[in-house]
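File shown: model_26.cif (mmCIF, C-alpha atoms).
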```
data_structure
#
loop_
_atom_site.group_PDB
_atom_site.id
_atom_site.type_symbol
_atom_site.label_atom_id
_atom_site.label_comp_id
_atom_site.auth_asym_id
_atom_site.auth_seq_id
_atom_site.Cartn_x
_atom_site.Cartn_y
_atom_site.Cartn_z
ATOM 1 C CA MET F 293 -23.106 18.805 -10.398
ATOM 2 C CA ILE F 294 -20.153 18.008 -12.640
ATOM 3 C CA PRO F 295 -16.950 17.948 -10.542
ATOM 4 C CA PRO F 296 -13.870 20.047 -11.381
ATOM 5 C CA VAL F 297 -11.319 18.183 -13.535
ATOM 6 C CA ILE F 298 -7.545 18.595 -13.631
ATOM 7 C CA CYS F 299 -5.411 16.893 -16.279
ATOM 8 C CA ILE F 300 -1.851 15.819 -15.595
ATOM 9 C CA VAL F 301 -0.116 16.094 -18.965
ATOM 10 C CA GLY F 302 3.424 15.654 -20.318
ATOM 11 C CA LYS F 303 5.662 13.025 -21.882
ATOM 12 C CA ASN F 304 7.001 11.305 -18.771
ATOM 13 C CA LYS F 305 4.528 8.514 -17.917
ATOM 14 C CA ASN F 306 6.115 7.584 -14.599
ATOM 15 C CA THR F 307 6.153 11.127 -13.270
ATOM 16 C CA LYS F 308 2.548 11.675 -14.347
ATOM 17 C CA SER F 309 1.325 8.535 -12.607
ATOM 18 C CA MET F 310 3.381 9.303 -9.495
ATOM 19 C CA ILE F 311 1.790 12.779 -9.317
ATOM 20 C CA MET F 312 -1.658 11.205 -9.814
ATOM 21 C CA GLU F 313 -1.060 8.804 -6.907
ATOM 22 C CA GLU F 314 0.269 11.547 -4.634
ATOM 23 C CA LEU F 315 -2.623 13.889 -5.387
ATOM 24 C CA ILE F 316 -5.236 11.147 -4.958
ATOM 25 C CA SER F 317 -3.937 10.266 -1.516
ATOM 26 C CA LYS F 318 -3.512 13.930 -0.463
ATOM 27 C CA LEU F 319 -7.045 14.846 -1.587
ATOM 28 C CA LYS F 320 -8.517 11.714 0.033
ATOM 29 C CA ALA F 321 -6.783 12.728 3.276
ATOM 30 C CA ARG F 322 -8.740 16.014 3.050
ATOM 31 C CA GLY F 323 -11.977 14.026 2.946
ATOM 32 C CA LEU F 324 -12.713 14.570 -0.742
ATOM 33 C CA LYS F 325 -14.334 11.974 -2.978
ATOM 34 C CA VAL F 326 -11.703 11.597 -5.686
ATOM 35 C CA GLY F 327 -12.021 10.271 -9.233
ATOM 36 C CA ALA F 328 -9.078 9.139 -11.366
ATOM 37 C CA LEU F 329 -9.317 8.869 -15.137
ATOM 38 C CA LYS F 330 -6.597 7.679 -17.501
ATOM 39 C CA TYR F 331 -6.405 8.214 -21.244
ATOM 40 C CA HIS F 332 -4.876 5.229 -23.010
ATOM 41 C CA LYS F 333 -3.381 6.248 -26.357
ATOM 42 C CA HIS F 334 -2.719 2.881 -27.889
ATOM 43 C CA GLY F 335 -6.095 1.248 -28.588
ATOM 44 C CA ASP F 336 -6.715 -1.894 -26.562
ATOM 45 C CA PHE F 337 -5.578 -2.393 -22.959
ATOM 46 C CA GLU F 338 -5.774 -5.176 -20.426
ATOM 47 C CA ILE F 339 -7.630 -4.570 -17.201
ATOM 48 C CA ASP F 340 -9.109 -7.888 -16.110
ATOM 49 C CA ILE F 341 -7.495 -10.962 -14.600
ATOM 50 C CA LYS F 342 -7.172 -13.974 -16.910
ATOM 51 C CA GLY F 343 -9.558 -16.787 -15.981
ATOM 52 C CA LYS F 344 -12.020 -14.689 -13.942
ATOM 53 C CA ASP F 345 -15.671 -14.975 -15.021
ATOM 54 C CA THR F 346 -15.727 -11.363 -16.262
ATOM 55 C CA TRP F 347 -12.607 -12.084 -18.336
ATOM 56 C CA LYS F 348 -14.304 -15.199 -19.773
ATOM 57 C CA TYR F 349 -17.444 -13.242 -20.710
ATOM 58 C CA ALA F 350 -15.422 -10.549 -22.489
ATOM 59 C CA ASN F 351 -13.442 -13.294 -24.197
ATOM 60 C CA ALA F 352 -16.657 -14.996 -25.339
ATOM 61 C CA GLY F 353 -17.461 -11.737 -27.166
ATOM 62 C CA ALA F 354 -19.659 -9.694 -24.800
ATOM 63 C CA ASP F 355 -19.724 -6.020 -25.833
ATOM 64 C CA THR F 356 -20.228 -4.812 -22.269
ATOM 65 C CA VAL F 357 -19.211 -6.753 -19.146
ATOM 66 C CA ALA F 358 -19.957 -5.636 -15.603
ATOM 67 C CA ILE F 359 -19.608 -7.100 -12.129
ATOM 68 C CA SER F 360 -21.378 -5.759 -9.103
ATOM 69 C CA SER F 361 -21.331 -6.347 -5.356
ATOM 70 C CA SER F 362 -22.370 -4.395 -2.265
ATOM 71 C CA VAL F 363 -18.936 -2.700 -2.126
ATOM 72 C CA LYS F 364 -17.691 -2.439 -5.715
ATOM 73 C CA PHE F 365 -18.861 -2.072 -9.305
ATOM 74 C CA ALA F 366 -16.759 -2.630 -12.420
ATOM 75 C CA LEU F 367 -17.517 -2.196 -16.086
ATOM 76 C CA ILE F 368 -15.566 -3.042 -19.247
ATOM 77 C CA LYS F 369 -17.046 -1.841 -22.516
ATOM 78 C CA LYS F 370 -16.026 -1.944 -26.177
ATOM 79 C CA ALA F 371 -15.753 1.538 -27.706
ATOM 80 C CA SER F 372 -15.741 2.702 -31.292
ATOM 81 C CA SER F 373 -14.472 6.281 -31.111
ATOM 82 C CA GLU F 374 -12.074 8.522 -29.216
ATOM 83 C CA PRO F 375 -13.369 9.143 -25.676
ATOM 84 C CA ASP F 376 -15.066 12.437 -24.808
ATOM 85 C CA ILE F 377 -13.880 13.520 -21.378
ATOM 86 C CA ASP F 378 -17.034 15.553 -20.670
ATOM 87 C CA ASP F 379 -19.293 12.580 -21.416
ATOM 88 C CA ILE F 380 -17.176 10.318 -19.200
ATOM 89 C CA ILE F 381 -17.191 12.798 -16.302
ATOM 90 C CA GLU F 382 -20.930 13.382 -16.591
ATOM 91 C CA ASN F 383 -21.829 9.696 -16.872
ATOM 92 C CA HIS F 384 -19.408 8.141 -14.397
ATOM 93 C CA PHE F 385 -17.857 10.755 -12.083
ATOM 94 C CA ALA F 386 -20.803 13.005 -11.171
ATOM 95 C CA ASP F 387 -20.675 11.726 -7.576
ATOM 96 C CA CYS F 388 -16.999 12.736 -7.119
ATOM 97 C CA ASP F 389 -15.806 16.036 -5.614
ATOM 98 C CA ILE F 390 -12.850 16.291 -7.981
ATOM 99 C CA VAL F 391 -11.410 14.274 -10.874
ATOM 100 C CA LEU F 392 -7.729 13.898 -11.766
ATOM 101 C CA ALA F 393 -7.101 12.870 -15.349
ATOM 102 C CA ASP F 394 -3.854 11.248 -16.481
ATOM 103 C CA GLY F 395 -3.459 12.536 -20.042
ATOM 104 C CA PHE F 396 -6.336 13.952 -22.131
ATOM 105 C CA THR F 397 -3.943 16.659 -23.392
ATOM 106 C CA PHE F 398 -6.366 17.380 -26.258
ATOM 107 C CA SER F 399 -9.168 18.356 -23.822
ATOM 108 C CA ASP F 400 -9.895 21.931 -22.702
ATOM 109 C CA LYS F 401 -9.344 21.151 -19.010
ATOM 110 C CA SER F 402 -7.057 22.967 -16.583
ATOM 111 C CA ARG F 403 -3.779 21.122 -16.277
ATOM 112 C CA ILE F 404 -0.520 20.406 -14.529
ATOM 113 C CA ILE F 405 2.304 20.085 -17.063
ATOM 114 C CA VAL F 406 5.237 17.725 -16.490
ATOM 115 C CA THR F 407 8.098 19.062 -18.613
ATOM 116 C CA GLU F 408 11.221 17.501 -20.021
ATOM 117 C CA SER F 409 12.122 20.694 -21.886
ATOM 118 C CA GLU F 410 10.965 24.307 -22.303
ATOM 119 C CA GLU F 411 9.164 23.479 -25.561
ATOM 120 C CA ASP F 412 6.941 20.970 -23.765
ATOM 121 C CA ILE F 413 5.110 23.787 -22.029
ATOM 122 C CA GLU F 414 3.584 25.180 -25.230
ATOM 123 C CA VAL F 415 2.982 21.669 -26.651
ATOM 124 C CA PHE F 416 0.988 20.623 -23.597
ATOM 125 C CA LYS F 417 -0.613 23.959 -22.708
ATOM 126 C CA LYS F 418 -2.875 24.056 -25.766
ATOM 127 C CA GLY F 419 -4.418 27.324 -24.667
ATOM 128 C CA CYS F 420 -5.692 25.890 -21.361
ATOM 129 C CA GLU F 421 -5.329 27.132 -17.810
ATOM 130 C CA VAL F 422 -2.046 25.855 -16.336
ATOM 131 C CA LEU F 423 -2.087 25.215 -12.573
ATOM 132 C CA ALA F 424 1.547 24.194 -12.287
ATOM 133 C CA VAL F 425 4.578 23.337 -14.406
ATOM 134 C CA ILE F 426 6.772 20.643 -12.940
ATOM 135 C CA ASP F 427 10.131 19.229 -13.941
ATOM 136 C CA GLN F 428 10.075 15.485 -14.542
ATOM 137 C CA ASN F 429 12.499 15.074 -11.620
ATOM 138 C CA VAL F 430 9.826 16.162 -9.203
ATOM 139 C CA GLY F 431 10.816 16.562 -5.524
ATOM 140 C CA SER F 432 8.749 16.574 -2.349
ATOM 141 C CA ASN F 433 8.582 20.405 -2.349
ATOM 142 C CA ASP F 434 7.141 20.284 -5.841
ATOM 143 C CA LEU F 435 4.503 17.851 -4.653
ATOM 144 C CA LEU F 436 3.482 20.197 -1.840
ATOM 145 C CA GLU F 437 3.276 23.049 -4.344
ATOM 146 C CA ILE F 438 1.137 21.011 -6.755
ATOM 147 C CA THR F 439 -1.196 19.935 -3.957
ATOM 148 C CA SER F 440 -1.660 23.569 -2.895
ATOM 149 C CA ALA F 441 -2.335 24.608 -6.504
ATOM 150 C CA VAL F 442 -4.930 21.849 -6.852
ATOM 151 C CA LEU F 443 -6.644 22.779 -3.589
ATOM 152 C CA ARG F 444 -6.718 26.466 -4.601
ATOM 153 C CA PHE F 445 -8.234 25.501 -7.956
ATOM 154 C CA TYR F 446 -10.801 23.278 -6.239
ATOM 155 C CA SER F 447 -11.848 26.042 -3.810
ATOM 156 C CA MET F 448 -12.173 28.583 -6.602
ATOM 157 C CA GLU F 449 -14.218 26.222 -8.768
ATOM 158 C CA LEU F 450 -16.460 25.461 -5.815
ATOM 159 C CA ALA F 451 -16.935 29.148 -5.042
ATOM 160 C CA GLN F 452 -17.775 29.840 -8.669
ATOM 161 C CA ARG F 453 -20.329 27.042 -8.807
ATOM 162 C CA THR F 454 -21.965 28.198 -5.575
ATOM 163 C CA GLN F 455 -22.140 31.724 -6.996
ATOM 164 C CA ASN F 456 -23.674 30.491 -10.253
ATOM 165 C CA SER F 457 -26.265 28.258 -8.633
ATOM 166 C CA MET W 692 -34.685 1.350 -24.893
ATOM 167 C CA ILE W 693 -33.791 -0.948 -22.008
ATOM 168 C CA PRO W 694 -32.693 -4.356 -23.363
ATOM 169 C CA PRO W 695 -34.282 -7.651 -22.273
ATOM 170 C CA VAL W 696 -32.432 -9.314 -19.367
ATOM 171 C CA ILE W 697 -32.115 -13.021 -18.577
ATOM 172 C CA CYS W 698 -30.610 -14.241 -15.302
ATOM 173 C CA ILE W 699 -28.722 -17.528 -15.075
ATOM 174 C CA VAL W 700 -29.343 -18.705 -11.512
ATOM 175 C CA GLY W 701 -28.511 -21.758 -9.423
ATOM 176 C CA LYS W 702 -25.873 -23.071 -7.025
ATOM 177 C CA ASN W 703 -23.332 -24.458 -9.477
ATOM 178 C CA LYS W 704 -20.949 -21.598 -10.354
ATOM 179 C CA ASN W 705 -19.080 -23.446 -13.095
ATOM 180 C CA THR W 706 -22.208 -24.508 -14.928
ATOM 181 C CA LYS W 707 -23.643 -20.995 -14.700
ATOM 182 C CA SER W 708 -20.520 -19.388 -16.126
ATOM 183 C CA MET W 709 -20.237 -22.049 -18.838
ATOM 184 C CA ILE W 710 -23.846 -21.332 -19.895
ATOM 185 C CA MET W 711 -23.112 -17.596 -19.873
ATOM 186 C CA GLU W 712 -20.097 -18.101 -22.162
ATOM 187 C CA GLU W 713 -22.020 -20.376 -24.525
ATOM 188 C CA LEU W 714 -24.973 -18.006 -24.774
ATOM 189 C CA ILE W 715 -22.769 -14.946 -25.283
ATOM 190 C CA SER W 716 -20.958 -16.565 -28.190
ATOM 191 C CA LYS W 717 -24.177 -17.973 -29.712
ATOM 192 C CA LEU W 718 -25.980 -14.606 -29.493
ATOM 193 C CA LYS W 719 -22.944 -12.752 -30.844
ATOM 194 C CA ALA W 720 -22.916 -15.178 -33.800
ATOM 195 C CA ARG W 721 -26.483 -14.000 -34.516
ATOM 196 C CA GLY W 722 -25.223 -10.430 -34.744
ATOM 197 C CA LEU W 723 -26.650 -9.242 -31.420
ATOM 198 C CA LYS W 724 -24.920 -6.729 -29.166
ATOM 199 C CA VAL W 725 -24.598 -8.729 -25.946
ATOM 200 C CA GLY W 726 -24.093 -7.539 -22.379
ATOM 201 C CA ALA W 727 -22.865 -9.754 -19.535
ATOM 202 C CA LEU W 728 -23.419 -8.839 -15.905
ATOM 203 C CA LYS W 729 -22.235 -10.792 -12.868
ATOM 204 C CA TYR W 730 -23.458 -10.500 -9.303
ATOM 205 C CA HIS W 731 -20.658 -10.973 -6.797
ATOM 206 C CA LYS W 732 -22.028 -12.108 -3.451
ATOM 207 C CA HIS W 733 -18.964 -11.717 -1.290
ATOM 208 C CA GLY W 734 -18.192 -7.993 -1.038
ATOM 209 C CA ASP W 735 -14.894 -7.021 -2.598
ATOM 210 C CA PHE W 736 -13.474 -8.589 -5.754
ATOM 211 C CA GLU W 737 -10.326 -8.167 -7.797
ATOM 212 C CA ILE W 738 -10.610 -7.055 -11.380
ATOM 213 C CA ASP W 739 -7.492 -5.054 -12.202
ATOM 214 C CA ILE W 740 -3.917 -6.158 -12.831
ATOM 215 C CA LYS W 741 -1.430 -5.390 -10.056
ATOM 216 C CA GLY W 742 0.988 -2.607 -10.965
ATOM 217 C CA LYS W 743 -1.084 -1.063 -13.776
ATOM 218 C CA ASP W 744 -1.754 2.688 -13.432
ATOM 219 C CA THR W 745 -5.473 2.118 -12.837
ATOM 220 C CA TRP W 746 -4.583 -0.371 -10.077
ATOM 221 C CA LYS W 747 -2.228 2.198 -8.512
ATOM 222 C CA TYR W 748 -4.913 4.924 -8.567
ATOM 223 C CA ALA W 749 -7.461 2.657 -6.891
ATOM 224 C CA ASN W 750 -4.791 1.664 -4.388
ATOM 225 C CA ALA W 751 -4.020 5.320 -3.643
ATOM 226 C CA GLY W 752 -7.673 5.652 -2.577
ATOM 227 C CA ALA W 753 -9.582 6.892 -5.644
ATOM 228 C CA ASP W 754 -13.329 6.282 -5.265
ATOM 229 C CA THR W 755 -13.863 5.912 -9.008
ATOM 230 C CA VAL W 756 -11.176 4.873 -11.490
ATOM 231 C CA ALA W 757 -11.662 4.765 -15.247
ATOM 232 C CA ILE W 758 -9.484 4.202 -18.288
ATOM 233 C CA SER W 759 -10.496 5.099 -21.797
ATOM 234 C CA SER W 760 -9.158 4.575 -25.313
ATOM 235 C CA SER W 761 -10.610 4.614 -28.822
ATOM 236 C CA VAL W 762 -11.538 0.911 -28.545
ATOM 237 C CA LYS W 763 -12.278 0.241 -24.862
ATOM 238 C CA PHE W 764 -13.589 1.857 -21.685
ATOM 239 C CA ALA W 765 -13.278 0.476 -18.160
ATOM 240 C CA LEU W 766 -14.598 1.708 -14.848
ATOM 241 C CA ILE W 767 -14.044 0.543 -11.266
ATOM 242 C CA LYS W 768 -16.149 2.222 -8.600
ATOM 243 C CA LYS W 769 -16.583 1.870 -4.853
ATOM 244 C CA ALA W 770 -20.182 1.052 -3.891
ATOM 245 C CA SER W 771 -22.031 1.359 -0.613
ATOM 246 C CA SER W 772 -25.179 -0.709 -1.114
ATOM 247 C CA GLU W 773 -26.498 -3.824 -2.825
ATOM 248 C CA PRO W 774 -26.614 -3.300 -6.593
ATOM 249 C CA ASP W 775 -29.925 -2.555 -8.314
ATOM 250 C CA ILE W 776 -30.042 -4.504 -11.564
ATOM 251 C CA ASP W 777 -32.464 -2.048 -13.220
ATOM 252 C CA ASP W 778 -30.184 0.915 -12.485
ATOM 253 C CA ILE W 779 -27.166 -0.971 -13.821
ATOM 254 C CA ILE W 780 -28.959 -1.991 -17.020
ATOM 255 C CA GLU W 781 -30.302 1.512 -17.598
ATOM 256 C CA ASN W 782 -26.992 3.257 -16.906
ATOM 257 C CA HIS W 783 -24.542 0.876 -18.550
ATOM 258 C CA PHE W 784 -26.279 -1.587 -20.897
ATOM 259 C CA ALA W 785 -28.813 0.581 -22.751
ATOM 260 C CA ASP W 786 -26.826 0.159 -25.991
ATOM 261 C CA CYS W 787 -26.996 -3.681 -25.835
ATOM 262 C CA ASP W 788 -29.635 -5.807 -27.579
ATOM 263 C CA ILE W 789 -29.796 -8.328 -24.741
ATOM 264 C CA VAL W 790 -28.165 -8.778 -21.321
ATOM 265 C CA LEU W 791 -27.264 -12.069 -19.654
ATOM 266 C CA ALA W 792 -26.883 -11.852 -15.894
ATOM 267 C CA ASP W 793 -24.906 -14.401 -13.883
ATOM 268 C CA GLY W 794 -26.805 -14.482 -10.574
ATOM 269 C CA PHE W 795 -29.136 -11.721 -9.366
ATOM 270 C CA THR W 796 -31.523 -14.415 -8.105
ATOM 271 C CA PHE W 797 -33.271 -11.779 -5.958
ATOM 272 C CA SER W 798 -34.268 -9.732 -9.028
ATOM 273 C CA ASP W 799 -37.615 -10.023 -10.831
ATOM 274 C CA LYS W 800 -36.008 -10.983 -14.166
ATOM 275 C CA SER W 801 -36.819 -14.000 -16.338
ATOM 276 C CA ARG W 802 -34.347 -16.770 -15.691
ATOM 277 C CA ILE W 803 -32.669 -20.024 -16.579
ATOM 278 C CA ILE W 804 -32.326 -22.243 -13.503
ATOM 279 C CA VAL W 805 -29.373 -24.617 -13.064
ATOM 280 C CA THR W 806 -30.541 -27.318 -10.662
ATOM 281 C CA GLU W 807 -28.728 -29.733 -8.404
ATOM 282 C CA SER W 808 -32.007 -31.021 -6.950
ATOM 283 C CA GLU W 809 -35.778 -30.658 -7.366
ATOM 284 C CA GLU W 810 -35.984 -28.214 -4.439
ATOM 285 C CA ASP W 811 -33.632 -25.807 -6.241
ATOM 286 C CA ILE W 812 -36.342 -24.971 -8.747
ATOM 287 C CA GLU W 813 -38.613 -23.305 -6.186
ATOM 288 C CA VAL W 814 -35.662 -21.684 -4.381
ATOM 289 C CA PHE W 815 -34.410 -20.041 -7.562
ATOM 290 C CA LYS W 816 -37.740 -19.405 -9.285
ATOM 291 C CA LYS W 817 -38.878 -16.758 -6.792
ATOM 292 C CA GLY W 818 -42.114 -16.202 -8.713
ATOM 293 C CA CYS W 819 -40.344 -15.192 -11.905
ATOM 294 C CA GLU W 820 -40.740 -16.419 -15.484
ATOM 295 C CA VAL W 821 -38.566 -19.509 -16.041
ATOM 296 C CA LEU W 822 -37.198 -19.931 -19.579
ATOM 297 C CA ALA W 823 -35.453 -23.249 -18.921
ATOM 298 C CA VAL W 824 -34.472 -25.610 -16.124
ATOM 299 C CA ILE W 825 -31.152 -27.346 -16.671
ATOM 300 C CA ASP W 826 -29.350 -30.080 -14.779
ATOM 301 C CA GLN W 827 -25.878 -29.056 -13.601
ATOM 302 C CA ASN W 828 -24.427 -31.774 -15.852
ATOM 303 C CA VAL W 829 -25.517 -29.874 -18.916
ATOM 304 C CA GLY W 830 -24.956 -31.513 -22.314
ATOM 305 C CA SER W 831 -24.713 -30.067 -25.817
ATOM 306 C CA ASN W 832 -28.411 -30.770 -26.497
ATOM 307 C CA ASP W 833 -29.304 -28.786 -23.390
ATOM 308 C CA LEU W 834 -27.224 -25.880 -24.671
ATOM 309 C CA LEU W 835 -29.098 -25.904 -27.971
ATOM 310 C CA GLU W 836 -32.385 -25.938 -26.067
ATOM 311 C CA ILE W 837 -31.355 -23.028 -23.839
ATOM 312 C CA THR W 838 -30.198 -21.007 -26.835
ATOM 313 C CA SER W 839 -33.560 -21.565 -28.556
ATOM 314 C CA ALA W 840 -35.421 -20.575 -25.377
ATOM 315 C CA VAL W 841 -33.351 -17.386 -25.111
ATOM 316 C CA LEU W 842 -33.907 -16.488 -28.774
ATOM 317 C CA ARG W 843 -37.667 -17.088 -28.409
ATOM 318 C CA PHE W 844 -37.727 -14.869 -25.323
ATOM 319 C CA TYR W 845 -35.731 -12.183 -27.141
ATOM 320 C CA SER W 846 -38.091 -12.203 -30.146
ATOM 321 C CA MET W 847 -41.173 -12.015 -27.950
ATOM 322 C CA GLU W 848 -39.741 -9.151 -25.877
ATOM 323 C CA LEU W 849 -38.843 -7.312 -29.059
ATOM 324 C CA ALA W 850 -42.318 -7.832 -30.518
ATOM 325 C CA GLN W 851 -43.904 -6.601 -27.287
ATOM 326 C CA ARG W 852 -41.725 -3.498 -27.227
ATOM 327 C CA THR W 853 -42.478 -2.700 -30.855
ATOM 328 C CA GLN W 854 -46.201 -3.101 -30.114
ATOM 329 C CA ASN W 855 -45.973 -0.811 -27.072
ATOM 330 C CA SER W 856 -44.000 1.908 -28.805
#
```
Representation of the structure as C-alpha cells:
Amino acid sequence: MIPPVICIVGKNKNTKSMIMEELISKLKARGLKVGALKYHKHGDFEIDIKGKDTWKYANAGADTVAISSSVKFALIKKASSEPDIDDIIENHFADCDIVLADGFTFSDKSRIIVTESEEDIEVFKKGCEVLAVIDQNVGSNDLLEITSAVLRFYSMELAQRTQNS
Amino acid sequence: MIPPVICIVGKNKNTKSMIMEELISKLKARGLKVGALKYHKHGDFEIDIKGKDTWKYANAGADTVAISSSVKFALIKKASSEPDIDDIIENHFADCDIVLADGFTFSDKSRIIVTESEEDIEVFKKGCEVLAVIDQNVGSNDLLEITSAVLRFYSMELAQRTQNS
C-alpha cells in the first residue's frame, strides 16, 4: 500500500525543515514508520562524505552507487529529469506508514503551508488540500496544532484505504 | 533486464577499492552505464553530511530519507537484515549495463579475487566463477588484464542473454 504523503511547502527553508524534524520525531514517538523526502530545486547536491569509498566510486563516474549493511542501505543515482513524487513513494517508501515531503509544491499532495505573506497561501495551495497554514515564526502551540492536523489526516486516509480495500 | 554483476573480493580494502575505481572509469570510457555497490560489514555507516536537511531528518528518526532533484536522487534507509544482492540489483540497478560490487563474498556472483596469500583464493572463491586473481600489489599491467577479463565477461553475458531472449 502506498503511504499517505504530506508536503511542507513555503518560501522559508529553515521553518520548513524545522517543521519536518518536529513532525518526524512526533510521529516516530507514536510508533509510526516515517519517511522523509526532500525536493532539491537547484540541480546537483552533495550527500556523501569526501574520501569514502562510495564517494570515490561516484567520483570515478558510476551512474548508480549503493552501500548496504545489515542495518542501513544507501543509494545515490544520477537522474535526467524532474523527479516524480508518486514514482519515488511507490519505489522507495512503500514500507512507510506516512511520508513527509519538504517541498514538491508542484505535486498534487495535501500540504502544510508556511507563509511569509497572505499571497503565499494561493501561490503554494495550487488547488490542493491544505492541512494547516503556519506563519514562518512558528511557536510551540503551532507545532501542536500541525501535529494534530497531520494525525487527523493520517487517520482519515487510513480509514479511507481500509474502506476501499 | 538484470545487469551482469562482478564482485571484487579479498582482504585488502585499499586494493579492492582502487580496482573498483579503475574499472568504473574504464567501463565508463567504453560508454557503459556502470553501477557500483559496496557491502559494509560492520553495521552502521555514515554517508550524509552533518547539518544537511537530509542528515537532520535521519537524525530526527526518519526510517527512510530521500532527496531528489532533476540531476540526482539519493536514498538512505534503515535495514533490519543482511542485504540480498539480487534484490538490490533488481530494485536499484536494473537501468545499469554492468554492476561492480565491492565485497559480497558470500554471494554466488562471478568475482575478481585480490590475494594476500595462496589460501585466500579458496577462501574467496566459494565455488563461484573467478574472472581474475590479482596480487594485492597490483600493477598497471594487472589492471589492463582485469579490464579485459571484465569486458570479456560482459560480452559473453550479453551474448547469452540475447540468445535466451
8 Å contacts from chain W to chain F using only C-alpha atoms, as a PyMOL selection string: chain W and resi 708+711-713+715-716+719+724-740+744-745+747-748+751-774+784+787
Same residues, C-alpha atoms, output as an mmCIF file, keeping the file's coordinate frame:
```cif
data_model
loop_
_atom_site.group_PDB
_atom_site.id
_atom_site.type_symbol
_atom_site.label_atom_id
_atom_site.label_comp_id
_atom_site.auth_asym_id
_atom_site.auth_seq_id
_atom_site.Cartn_x
_atom_site.Cartn_y
_atom_site.Cartn_z
ATOM 1 C CA SER W 708 -20.520 -19.388 -16.126
ATOM 2 C CA MET W 711 -23.112 -17.596 -19.873
ATOM 3 C CA GLU W 712 -20.097 -18.101 -22.162
ATOM 4 C CA GLU W 713 -22.020 -20.376 -24.525
ATOM 5 C CA ILE W 715 -22.769 -14.946 -25.283
ATOM 6 C CA SER W 716 -20.958 -16.565 -28.190
ATOM 7 C CA LYS W 719 -22.944 -12.752 -30.844
ATOM 8 C CA LYS W 724 -24.920 -6.729 -29.166
ATOM 9 C CA VAL W 725 -24.598 -8.729 -25.946
ATOM 10 C CA GLY W 726 -24.093 -7.539 -22.379
ATOM 11 C CA ALA W 727 -22.865 -9.754 -19.535
ATOM 12 C CA LEU W 728 -23.419 -8.839 -15.905
ATOM 13 C CA LYS W 729 -22.235 -10.792 -12.868
ATOM 14 C CA TYR W 730 -23.458 -10.500 -9.303
ATOM 15 C CA HIS W 731 -20.658 -10.973 -6.797
ATOM 16 C CA LYS W 732 -22.028 -12.108 -3.451
ATOM 17 C CA HIS W 733 -18.964 -11.717 -1.290
ATOM 18 C CA GLY W 734 -18.192 -7.993 -1.038
ATOM 19 C CA ASP W 735 -14.894 -7.021 -2.598
ATOM 20 C CA PHE W 736 -13.474 -8.589 -5.754
ATOM 21 C CA GLU W 737 -10.326 -8.167 -7.797
ATOM 22 C CA ILE W 738 -10.610 -7.055 -11.380
ATOM 23 C CA ASP W 739 -7.492 -5.054 -12.202
ATOM 24 C CA ILE W 740 -3.917 -6.158 -12.831
ATOM 25 C CA ASP W 744 -1.754 2.688 -13.432
ATOM 26 C CA THR W 745 -5.473 2.118 -12.837
ATOM 27 C CA LYS W 747 -2.228 2.198 -8.512
ATOM 28 C CA TYR W 748 -4.913 4.924 -8.567
ATOM 29 C CA ALA W 751 -4.020 5.320 -3.643
ATOM 30 C CA GLY W 752 -7.673 5.652 -2.577
ATOM 31 C CA ALA W 753 -9.582 6.892 -5.644
ATOM 32 C CA ASP W 754 -13.329 6.282 -5.265
ATOM 33 C CA THR W 755 -13.863 5.912 -9.008
ATOM 34 C CA VAL W 756 -11.176 4.873 -11.490
ATOM 35 C CA ALA W 757 -11.662 4.765 -15.247
ATOM 36 C CA ILE W 758 -9.484 4.202 -18.288
ATOM 37 C CA SER W 759 -10.496 5.099 -21.797
ATOM 38 C CA SER W 760 -9.158 4.575 -25.313
ATOM 39 C CA SER W 761 -10.610 4.614 -28.822
ATOM 40 C CA VAL W 762 -11.538 0.911 -28.545
ATOM 41 C CA LYS W 763 -12.278 0.241 -24.862
ATOM 42 C CA PHE W 764 -13.589 1.857 -21.685
ATOM 43 C CA ALA W 765 -13.278 0.476 -18.160
ATOM 44 C CA LEU W 766 -14.598 1.708 -14.848
ATOM 45 C CA ILE W 767 -14.044 0.543 -11.266
ATOM 46 C CA LYS W 768 -16.149 2.222 -8.600
ATOM 47 C CA LYS W 769 -16.583 1.870 -4.853
ATOM 48 C CA ALA W 770 -20.182 1.052 -3.891
ATOM 49 C CA SER W 771 -22.031 1.359 -0.613
ATOM 50 C CA SER W 772 -25.179 -0.709 -1.114
ATOM 51 C CA GLU W 773 -26.498 -3.824 -2.825
ATOM 52 C CA PRO W 774 -26.614 -3.300 -6.593
ATOM 53 C CA PHE W 784 -26.279 -1.587 -20.897
ATOM 54 C CA CYS W 787 -26.996 -3.681 -25.835
#
```
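A straight line drawn from CA of Ile699 in chain W to CA of Gly722 in chain W is 21.2 Å long.
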Distance in Å - CA of Lys816 in chain W versus CA of Thr853 in chain W: 27.7 Å
The PyMOL selection byres ((chain F and resi 428-437) around 7) resolved against shown file, as a list in words: Asn304, Thr307, Val406, Thr407, Glu408, Ile426, Asp427, Ile438, Thr439, Ser440 and Ala441 of chain F
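Omitting range 422-425 of chain F and its sequence neighbours fewer than 3 positions away, and counting all atoms listed in the file, the residues within 6 Å are F:Ser402, F:Arg403, F:Ile404, F:Ile405.
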Care to translate the PyMOL selection byres ((chain F and resi 450) around 12) into actual residues of this file, as a compact mmCIF listing (two decimals) with C-alpha atoms, in the coordinates of the input?
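The new file expr.txt reads:
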```txt
# COMPACT_ATOMS: atom_id res chain seq x y z
CA MET F 293 -23.11 18.80 -10.40
CA ILE F 294 -20.15 18.01 -12.64
CA PRO F 295 -16.95 17.95 -10.54
CA PRO F 296 -13.87 20.05 -11.38
CA VAL F 297 -11.32 18.18 -13.54
CA ASP F 389 -15.81 16.04 -5.61
CA ILE F 390 -12.85 16.29 -7.98
CA LEU F 443 -6.64 22.78 -3.59
CA ARG F 444 -6.72 26.47 -4.60
CA PHE F 445 -8.23 25.50 -7.96
CA TYR F 446 -10.80 23.28 -6.24
CA SER F 447 -11.85 26.04 -3.81
CA MET F 448 -12.17 28.58 -6.60
CA GLU F 449 -14.22 26.22 -8.77
CA ALA F 451 -16.93 29.15 -5.04
CA GLN F 452 -17.77 29.84 -8.67
CA ARG F 453 -20.33 27.04 -8.81
CA THR F 454 -21.96 28.20 -5.58
CA GLN F 455 -22.14 31.72 -7.00
CA ASN F 456 -23.67 30.49 -10.25
CA SER F 457 -26.26 28.26 -8.63
```
Using only the atoms of range 346-365 of chain F listed in the file, plus 8 Å on each side, state the axis-aligned box centre and edge lengths in Å rounded to one decimal, as lines of an AutoDock Vina configuration file.
```
center_x = -17.5
center_y = -8.6
center_z = -14.6
size_x = 25.8
size_y = 29.1
size_z = 41.0
```
